[in-house]
Amino acid sequence: MAKFRLSAFADEASPVLDEQLQALKEEGMDRIELRGVDGKNCSALTLEEAAEVKKKLDAAGVKLSALGSPFGKAQLDEPFDEHLASFKHGLELCKVLGCDRIRMFSFYPPKGAKPEDWKEEVFRRLDIMLDLADKAGIYLVHENEKDIYGDTTQRCVELMEKYYPRMGFVFDPANFVQCGMNTAEGYEQLKDYVTYMHIKDAFLKDGAVVAAGHGDGHVAEILKKVNAEHDGEVILTVEPHLTVFDGLKDLQGEPVTHHETYPDSKTAFHAAVKALKDILATL
């Protein structure tokens, strides 16, 4: 039986760090995948700003489950030097924040190009990043993100066969759905490589993101397998990505045609967490 520990992209509750920590407290959560901090992406924090963030996290009893970085979200046909410099800074930020794991990606092939034609450049860049991360004692974890090299099940397996366990994998059901993948089949192919999971769901018909268990991502089915097959801690990071419509309160009963729409970010955040907790309660 797995011991599920919940984390979250709490910047989806609020851009303000203090309010993020309050949202986590309300849900009884003590982990955060740090991404947005007071209007800044985590990768843009100075070391001094990161030290202040660490003080707030410590005071709230919250630790990082990972640095939710944008590293690897860059075009393969553009120079790598500036992006690599930002990555090196991210490794320094991890030291200040007391974090030993970075969520990252495998780069965007040029528009219209075949991903396979850029395979060697993807591996070249990942090799450089992994060498630096190894020296820094930081573990890189690749996320399946739509339109990057590693967006399909097949290419994620390819990456893992080359790099695991040196590089881990974060399984995101909604992202696979948006790429037309069957997530239940994908999990079976990737389960031996999964470091942790992002929890969001989506519909195959239009890619719209919905709360866990409400879409075509087989989230409950996958978590049931995780629970049966794992003995120990499994981190589940809630990433709501739910639609917020600030004018909802003014519609006076008029129906909203979007699949799931919320009046504000905090409400959407708590709805996403509740959906996951409801699934876990059945396990």
# chains A, B, ... in the order shown; residues from 1 in each chain; ligands from 1
>>> residues_around(residues="Lys274 of chain A", least_positions_apart="2", cutoff="12 Å", atoms="only C-alpha atoms", output="PyMOL selection string")
chain A and resi 6+26-28+199-200+211-213+238+240+267-272+276-281
>>> closest_atom_pairs(of="segment 91-116 of chain A", to="segment 162-179 of chain A", cutoff="10 Å", atoms="only C-alpha atoms", output="Markdown table")
| residue | atom | partner | partner_atom | distance |
| --- | --- | --- | --- | --- |
| A:Arg101 | CA | A:Gly168 | CA | 9.5 |
| A:Ile102 | CA | A:Gly168 | CA | 9.8 |
| A:Arg103 | CA | A:Val170 | CA | 7.7 |
| A:Met104 | CA | A:Val170 | CA | 9.2 |
| A:Phe105 | CA | A:Phe169 | CA | 10.0 |
>>> atom_distance(atom1="atom CA of Thr153 of chain A", atom2="atom CA of Asp192 of chain A")
13.3 Å
>>> residues_around(residues="Gly150 of chain A", least_positions_apart="3", cutoff="12 Å", atoms="only C-alpha atoms", output="count of residues only")
36
>>> closest_residue(among="A:Asp77, A:Glu120, A:Glu185, A:Glu33", to="Ala10 of chain A", atoms="only C-alpha atoms")
A:Glu33
>>> atom_distance(atom1="atom CA of Leu64 of chain A", atom2="atom CA of Lys40 of chain A")
16.8 Å
>>> closest_residue(among="A:Ala2, A:Val37, A:Ala113, A:Ala8", to="Tyr149 of chain A", atoms="only C-alpha atoms")
A:Ala113
>>> closest_residue(among="A:Ser265, A:Ile128, A:Gly98, A:His89", to="Val16 of chain A", atoms="only C-alpha atoms")
A:Ser265
>>> closest_residue(among="A:Asp201, A:Glu19, A:Glu52, A:Glu221", to="Ala184 of chain A", atoms="only C-alpha atoms")
A:Glu221
>>> closest_residue(among="A:Ala13, A:Val194, A:Ile222, A:Val210", to="His259 of chain A", atoms="only C-alpha atoms")
A:Val210
